[in-house]
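*Asks:* Below is the file upload06.txt, which contains compact mmCIF, C-alpha atoms and all ligand atoms.
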# COMPACT_ATOMS: atom_id res chain seq x y z
CA MET K 1 0.00 0.00 0.00
CA SER K 2 1.46 3.29 -0.95
CA TYR K 3 0.01 6.67 -0.16
CA THR K 4 1.05 9.82 -2.02
CA ILE K 5 -0.16 13.40 -2.24
CA ARG K 6 -2.98 13.50 -4.79
CA PRO K 7 -1.69 15.85 -7.52
CA GLN K 8 -3.70 19.04 -8.02
CA SER K 9 -5.99 18.20 -5.13
CA ALA K 10 -5.02 21.21 -3.01
CA ASP K 11 -7.95 23.56 -2.92
CA PHE K 12 -7.53 27.13 -1.68
CA LYS K 13 -9.93 27.76 1.20
CA MET K 14 -9.04 31.12 2.68
CA GLY K 15 -6.40 33.73 3.39
CA ILE K 16 -6.14 34.84 6.99
CA SER K 17 -4.63 38.20 7.85
CA VAL K 18 -5.85 38.97 11.37
CA VAL K 19 -5.89 36.96 14.61
CA SER K 20 -9.69 37.02 15.00
CA GLN K 21 -10.04 35.32 11.60
CA PHE K 22 -7.56 32.69 12.68
CA GLU K 23 -9.50 32.07 15.90
CA ASP K 24 -12.67 31.54 13.84
CA TRP K 25 -10.91 28.99 11.62
CA LEU K 26 -9.39 27.30 14.67
CA ALA K 27 -12.77 26.93 16.38
CA GLN K 28 -13.92 24.82 13.42
CA ASN K 29 -10.65 22.93 12.96
CA ARG K 30 -9.11 22.15 16.35
CA ASP K 31 -8.06 18.65 15.24
CA ALA K 32 -6.59 19.66 11.88
CA ILE K 33 -4.12 17.15 10.41
CA GLY K 34 -1.70 18.33 7.77
CA VAL K 35 1.37 20.36 7.04
CA SER K 36 2.39 24.01 7.21
CA PHE K 37 5.33 25.69 5.49
CA VAL K 38 7.34 28.49 6.99
CA GLY K 39 10.65 30.13 6.14
CA ARG K 40 12.47 33.28 5.26
CA SER K 41 10.77 35.45 2.73
CA ASN K 42 11.77 34.37 -0.82
CA VAL K 43 13.24 31.02 0.30
CA GLY K 44 10.82 29.23 -2.02
CA LYS K 45 7.91 28.17 0.19
CA SER K 46 5.30 28.68 -2.51
CA SER K 47 7.53 27.03 -5.14
CA MET K 48 8.09 24.03 -2.86
CA ILE K 49 4.35 23.76 -2.29
CA ASN K 50 3.78 23.75 -6.04
CA SER K 51 6.41 21.03 -6.55
CA LEU K 52 4.77 18.85 -3.92
CA PHE K 53 1.10 19.52 -4.58
CA GLY K 54 1.22 20.25 -8.28
CA GLY K 55 0.86 23.06 -10.74
CA LYS K 56 -0.13 26.46 -9.59
CA THR K 57 -1.28 25.70 -6.05
CA ALA K 58 0.47 28.68 -4.45
CA ARG K 59 1.50 32.01 -5.90
CA VAL K 60 5.23 32.32 -6.58
CA SER K 61 6.54 35.82 -6.14
CA LYS K 62 9.03 37.89 -8.10
CA THR K 63 9.36 40.34 -5.22
CA PRO K 64 10.12 38.96 -1.75
CA GLY K 65 7.61 39.16 1.04
CA ARG K 66 4.56 38.60 -1.11
CA THR K 67 2.79 35.98 0.99
CA ARG K 68 1.52 38.11 3.88
CA GLU K 69 -1.42 35.97 4.85
CA ILE K 70 -1.88 32.53 6.30
CA ASN K 71 -3.07 30.73 3.19
CA ILE K 72 -5.13 27.65 3.93
CA PHE K 73 -5.71 24.82 1.48
CA GLU K 74 -7.22 21.36 1.78
CA PHE K 75 -5.75 18.39 -0.06
CA GLU K 76 -6.19 14.65 -0.47
CA LEU K 77 -4.00 11.57 -0.54
CA ASN K 78 -3.96 8.90 -3.21
CA LEU K 79 -3.69 5.22 -2.45
CA ASN K 80 -1.70 3.35 -5.12
CA GLY K 81 -2.27 6.25 -7.49
CA LYS K 82 -6.04 6.35 -7.00
CA LYS K 83 -8.48 8.46 -4.99
CA CYS K 84 -9.15 6.97 -1.57
CA ASP K 85 -11.67 7.48 1.21
CA LEU K 86 -9.43 9.24 3.72
CA PRO K 87 -10.62 12.66 4.89
CA LYS K 88 -9.09 15.88 3.57
CA PHE K 89 -5.93 17.30 5.12
CA PHE K 90 -4.71 20.84 5.59
CA LEU K 91 -1.91 22.58 3.74
CA ILE K 92 -0.89 25.96 5.13
CA ASP K 93 1.44 28.47 3.46
CA LEU K 94 2.60 30.82 6.21
CA PRO K 95 3.83 34.38 5.66
CA GLY K 96 7.62 34.60 5.38
CA TYR K 97 9.86 36.01 8.08
CA GLY K 98 12.99 38.13 7.91
CA PHE K 99 11.94 40.47 5.14
CA ALA K 100 13.99 43.60 5.77
CA GLU K 101 11.67 46.17 4.26
CA VAL K 102 8.58 45.66 6.37
CA SER K 103 7.02 48.47 8.34
CA LYS K 104 6.67 48.28 12.14
CA GLU K 105 2.96 47.82 11.67
CA MET K 106 3.46 44.81 9.38
CA GLN K 107 6.03 43.25 11.71
CA LYS K 108 3.61 43.62 14.62
CA ASN K 109 0.90 41.93 12.60
CA TRP K 110 3.24 39.02 11.72
CA ASP K 111 4.20 38.60 15.40
CA GLU K 112 0.57 38.54 16.53
CA LEU K 113 -0.66 36.27 13.77
CA MET K 114 2.23 33.80 13.96
CA GLY K 115 2.23 33.95 17.77
CA ALA K 116 -1.40 32.82 17.77
CA PHE K 117 -0.76 30.23 15.06
CA PHE K 118 2.15 28.46 16.79
CA ALA K 119 0.55 28.61 20.20
CA GLU K 120 -2.82 27.26 19.16
CA VAL K 121 -2.79 25.29 15.92
CA SER K 122 -3.31 21.53 16.26
CA GLN K 123 -0.29 19.42 17.26
CA SER K 124 -1.14 17.23 14.27
CA MET K 125 0.13 19.89 11.86
CA LEU K 126 3.70 19.08 10.76
CA LEU K 127 5.87 22.17 10.41
CA VAL K 128 8.19 22.29 7.40
CA ASN K 129 10.83 24.97 7.89
CA LEU K 130 12.54 25.96 4.65
CA GLN K 131 16.01 27.43 4.68
CA ASP K 132 18.19 28.54 1.80
CA ALA K 133 20.84 25.89 1.09
CA ARG K 134 23.28 28.65 0.13
CA HIS K 135 22.73 30.63 3.32
CA PRO K 136 21.63 28.18 6.01
CA ASP K 137 20.92 29.05 9.63
CA GLN K 138 20.84 32.80 9.17
CA ASP K 139 20.13 35.17 12.05
CA VAL K 140 16.49 35.42 11.00
CA ASP K 141 16.21 31.61 11.02
CA LYS K 142 17.67 31.54 14.53
CA GLN K 143 15.27 34.27 15.64
CA PHE K 144 12.40 32.27 14.23
CA TYR K 145 13.44 29.18 16.21
CA ASN K 146 13.61 31.26 19.36
CA PHE K 147 10.14 32.52 18.59
CA ILE K 148 8.63 29.02 18.29
CA LYS K 149 10.78 26.72 20.41
CA ARG K 150 8.57 26.75 23.49
CA HIS K 151 5.71 25.37 21.41
CA ASN K 152 7.65 22.20 20.65
CA ARG K 153 6.20 21.62 17.19
CA LYS K 154 6.89 18.53 15.10
CA THR K 155 9.31 20.03 12.62
CA ILE K 156 11.37 19.02 9.61
CA LEU K 157 14.00 21.25 8.05
CA VAL K 158 14.34 21.46 4.28
CA PHE K 159 17.29 23.20 2.64
CA ASN K 160 15.87 24.47 -0.64
CA LYS K 161 17.58 25.71 -3.83
CA ILE K 162 20.30 23.02 -3.77
CA ASP K 163 20.40 23.41 -7.57
CA LYS K 164 22.29 26.63 -6.85
CA LEU K 165 25.10 24.82 -5.00
CA LYS K 166 27.49 24.36 -7.89
CA THR K 167 30.68 23.17 -6.19
CA GLN K 168 31.46 20.24 -3.93
CA LYS K 169 32.86 22.74 -1.44
CA GLU K 170 29.50 24.46 -1.10
CA ARG K 171 27.76 21.12 -0.62
CA ASN K 172 30.28 20.08 2.04
CA VAL K 173 29.57 23.21 4.09
CA LEU K 174 25.95 22.16 4.30
CA GLU K 175 26.72 18.51 5.14
CA LYS K 176 28.94 19.68 8.00
CA LEU K 177 26.22 21.91 9.35
CA LYS K 178 23.77 19.01 9.69
CA PRO K 179 25.10 17.54 12.97
CA VAL K 180 25.60 21.03 14.40
CA LEU K 181 22.01 21.99 13.68
CA SER K 182 20.56 18.74 15.01
CA LYS K 183 22.36 19.44 18.27
CA ASP K 184 21.12 23.02 18.49
CA TYR K 185 17.60 22.26 17.29
CA LYS K 186 16.81 19.03 19.07
CA TRP K 187 13.17 19.00 18.11
CA ILE K 188 13.90 18.85 14.39
CA ARG K 189 12.96 15.35 13.32
CA GLN K 190 14.76 15.20 10.01
CA MET K 191 16.68 17.35 7.54
CA TYR K 192 16.36 17.25 3.78
CA PHE K 193 18.16 18.77 0.80
CA ALA K 194 15.84 19.74 -2.02
CA SER K 195 15.16 21.97 -4.98
CA ALA K 196 11.74 23.19 -5.94
CA GLU K 197 13.28 24.04 -9.30
CA SER K 198 15.03 20.78 -10.26
CA LYS K 199 12.65 18.64 -8.13
CA LYS K 200 15.60 16.92 -6.48
CA GLY K 201 14.73 15.70 -2.98
CA ILE K 202 11.00 16.43 -3.45
CA PRO K 203 9.91 12.75 -3.21
CA GLN K 204 11.70 12.48 0.16
CA VAL K 205 9.89 15.55 1.50
CA GLU K 206 6.59 14.16 0.19
CA ASP K 207 7.35 10.91 2.02
CA ALA K 208 7.93 12.77 5.28
CA ILE K 209 4.58 14.57 4.94
CA VAL K 210 2.63 11.41 4.07
CA THR K 211 4.29 9.44 6.87
CA HIS K 212 3.38 12.17 9.35
CA ILE K 213 -0.27 12.14 8.24
CA LEU K 214 -0.54 8.35 8.45
CA GLU K 215 1.01 8.40 11.94
CA GLU K 216 -1.51 11.00 13.10
CA LEU K 217 -4.41 8.96 11.70
CA GLU K 218 -3.05 5.82 13.35
CA MET K 219 -2.73 7.62 16.69
CA ARG K 220 -6.34 8.74 16.58
CA LYS K 221 -7.51 5.21 15.80
CA THR K 222 -5.78 3.84 18.90
CA HIS K 223 -7.09 6.70 21.02
CA VAL K 224 -10.67 6.08 19.94
CA GLU K 225 -10.35 2.36 20.61
CA GLU K 226 -8.88 2.81 24.07
CA PRO K 227 -12.12 3.08 26.11
CA ASP K 228 -13.19 -0.40 24.98
CA ALA K 229 -9.88 -2.01 25.87
N1 LIG L 1 17.04 28.19 -8.33
C1 LIG L 1 15.97 28.03 -7.57
N2 LIG L 1 15.05 29.02 -7.42
C2 LIG L 1 13.98 28.81 -6.63
C3 LIG L 1 13.77 27.57 -5.96
N3 LIG L 1 12.62 27.68 -5.24
C4 LIG L 1 12.14 28.92 -5.46
N4 LIG L 1 12.96 29.63 -6.30
C5 LIG L 1 12.77 31.02 -6.74
O1 LIG L 1 12.82 31.88 -5.60
C6 LIG L 1 11.88 32.97 -5.73
C7 LIG L 1 10.92 33.02 -4.56
O2 LIG L 1 10.09 31.88 -4.59
P1 LIG L 1 8.71 31.78 -3.78
O3 LIG L 1 8.28 30.36 -3.92
O4 LIG L 1 7.77 32.83 -4.20
O5 LIG L 1 9.23 32.09 -2.31
P2 LIG L 1 8.38 32.30 -0.98
O6 LIG L 1 9.21 31.75 0.12
O7 LIG L 1 7.02 31.74 -1.13
O8 LIG L 1 8.36 33.88 -0.89
P3 LIG L 1 7.35 34.84 -0.09
O9 LIG L 1 5.97 34.29 -0.26
O10 LIG L 1 7.54 36.14 -0.74
O11 LIG L 1 7.79 34.83 1.33
C8 LIG L 1 11.18 32.77 -7.08
O12 LIG L 1 11.83 33.55 -8.03
C9 LIG L 1 11.40 31.28 -7.36
O13 LIG L 1 11.37 30.99 -8.73
C10 LIG L 1 14.75 26.51 -6.15
O14 LIG L 1 14.69 25.40 -5.62
N5 LIG L 1 15.81 26.80 -6.95
MG MG L 2 5.12 32.60 -0.90
Go ahead and express the file in the form of structure tokens.
*Replies:*
Amino acid sequence: MSYTIRPQSADFKMGISVVSQFEDWLAQNRDAIGVSFVGRSNVGKSSMINSLFGGKTARVSKTPGRTREINIFEFELNLNGKKCDLPKFFLIDLPGYGFAEVSKEMQKNWDELMGAFFAEVSQSMLLVNLQDARHPDQDVDKQFYNFIKRHNRKTILVFNKIDKLKTQKERNVLEKLKPVLSKDYKWIRQMYFASAESKKGIPQVEDAIVTHILEELEMRKTHVEEPDA
């Protein structure tokens, strides 16, 4: 049995720009299962989403800092390449961090919105943090981890744009950083190297997402069965 993301199944549901809107969504979706993407502005979150979910799911920007809202989609899984009867899952494209040219007002809005998101969203949402393979673990990435670490989210780290690493030397720098980062960021489950452009590493990231979803479904099954045991 092999589950995969059903191509082109991600359906845009809503864009959330203020905390009260998020609270409304949360009230309806406390048990949400799925995946959310976060990373520095322009790191390729929307491009990665399109590589994984197909076609033009998310808007790719020419100017950094375009995705300002929490964009919520629902998607399906395939079983052996065919539609199956599992429920829908959530895909969330989060607004980027570390964009230098934002006003105080916009930064405040990001802090409030993301503060509410990471404090309250379901623990069954896997967090995919994207970093730039050419400039990993930047100050803004560190700041972001400080911002979320107390929430202890299930997180994987994906280094995107590896197609831009042309020399072995550049690739070695990244390999060496892996053990250092896993020590510093203990809650990161796994690290991946990928390119939304060349599609390298995308199947591995897809696997991580599908595995997470199946684990969450499995956990709920055992929880429901418990009272009878
Ligand atoms: N070479 C290369 N370029 C990429 C890759 N992924 C994204 N890009 C480019 O990087 C730019 C930003 O991509 P987006 O997907 O819009 O980035 P984002 O993180 O969603 O950006 P914001 O929504 O503005 O925060 C675009 O010009 C993409 O074409 C990649 O793997 N390799
Ligand atoms: Mg984007």
*Asks:* Step by step, measure atom-to-atom distances between ligand LIG 1 (chain L) and each residue using all atoms listed in the file, keep those at most 10 Å, then write them as a ChimeraX atom specification.
*Replies:* /K:37-51,58-69,93-99,130-133,159-165,193-200,202
*Asks:* Store the residues picked out above, limited to C-alpha atoms, as a compact mmCIF listing (two decimals), in the coordinates of the input.
*Replies:*
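Contents of result36.txt, as written:
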# COMPACT_ATOMS: atom_id res chain seq x y z
CA PHE K 37 5.33 25.69 5.49
CA VAL K 38 7.34 28.49 6.99
CA GLY K 39 10.65 30.13 6.14
CA ARG K 40 12.47 33.28 5.26
CA SER K 41 10.77 35.45 2.73
CA ASN K 42 11.77 34.37 -0.82
CA VAL K 43 13.24 31.02 0.30
CA GLY K 44 10.82 29.23 -2.02
CA LYS K 45 7.91 28.17 0.19
CA SER K 46 5.30 28.68 -2.51
CA SER K 47 7.53 27.03 -5.14
CA MET K 48 8.09 24.03 -2.86
CA ILE K 49 4.35 23.76 -2.29
CA ASN K 50 3.78 23.75 -6.04
CA SER K 51 6.41 21.03 -6.55
CA ALA K 58 0.47 28.68 -4.45
CA ARG K 59 1.50 32.01 -5.90
CA VAL K 60 5.23 32.32 -6.58
CA SER K 61 6.54 35.82 -6.14
CA LYS K 62 9.03 37.89 -8.10
CA THR K 63 9.36 40.34 -5.22
CA PRO K 64 10.12 38.96 -1.75
CA GLY K 65 7.61 39.16 1.04
CA ARG K 66 4.56 38.60 -1.11
CA THR K 67 2.79 35.98 0.99
CA ARG K 68 1.52 38.11 3.88
CA GLU K 69 -1.42 35.97 4.85
CA ASP K 93 1.44 28.47 3.46
CA LEU K 94 2.60 30.82 6.21
CA PRO K 95 3.83 34.38 5.66
CA GLY K 96 7.62 34.60 5.38
CA TYR K 97 9.86 36.01 8.08
CA GLY K 98 12.99 38.13 7.91
CA PHE K 99 11.94 40.47 5.14
CA LEU K 130 12.54 25.96 4.65
CA GLN K 131 16.01 27.43 4.68
CA ASP K 132 18.19 28.54 1.80
CA ALA K 133 20.84 25.89 1.09
CA PHE K 159 17.29 23.20 2.64
CA ASN K 160 15.87 24.47 -0.64
CA LYS K 161 17.58 25.71 -3.83
CA ILE K 162 20.30 23.02 -3.77
CA ASP K 163 20.40 23.41 -7.57
CA LYS K 164 22.29 26.63 -6.85
CA LEU K 165 25.10 24.82 -5.00
CA PHE K 193 18.16 18.77 0.80
CA ALA K 194 15.84 19.74 -2.02
CA SER K 195 15.16 21.97 -4.98
CA ALA K 196 11.74 23.19 -5.94
CA GLU K 197 13.28 24.04 -9.30
CA SER K 198 15.03 20.78 -10.26
CA LYS K 199 12.65 18.64 -8.13
CA LYS K 200 15.60 16.92 -6.48
CA ILE K 202 11.00 16.43 -3.45
*Asks:* As an exercise, work out the distance from CA of Met191 in chain K to CA of Ala116 in chain K in Å and give it to one decimal place.
*Replies:*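 That distance, rounded to one decimal, is 25.9 Å.
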*Asks:* Rounded to one decimal in Å, what is the spacing between CA of Leu127 in chain K and CA of Ile72 in chain K?
*Replies:*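 A separation of 13.9 Å between them.
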*Asks:* Between K:Phe53, K:Trp25, K:Phe73, K:Phe117, which residue has the minimum interatomic distance to Lys13 in chain K, considering only C-alpha atoms?
*Replies:*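 Among the listed residues, the smallest separation from Lys13 in chain K belongs to K:Phe73.
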*Asks:* Select, from K:Ala100, K:Val205, K:Ile148, K:Ile92, the residue with the minimum atom-to-atom distance to Gly115 in chain K, counting only C-alpha atoms.
*Replies:*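 Closest candidate: K:Ile148.
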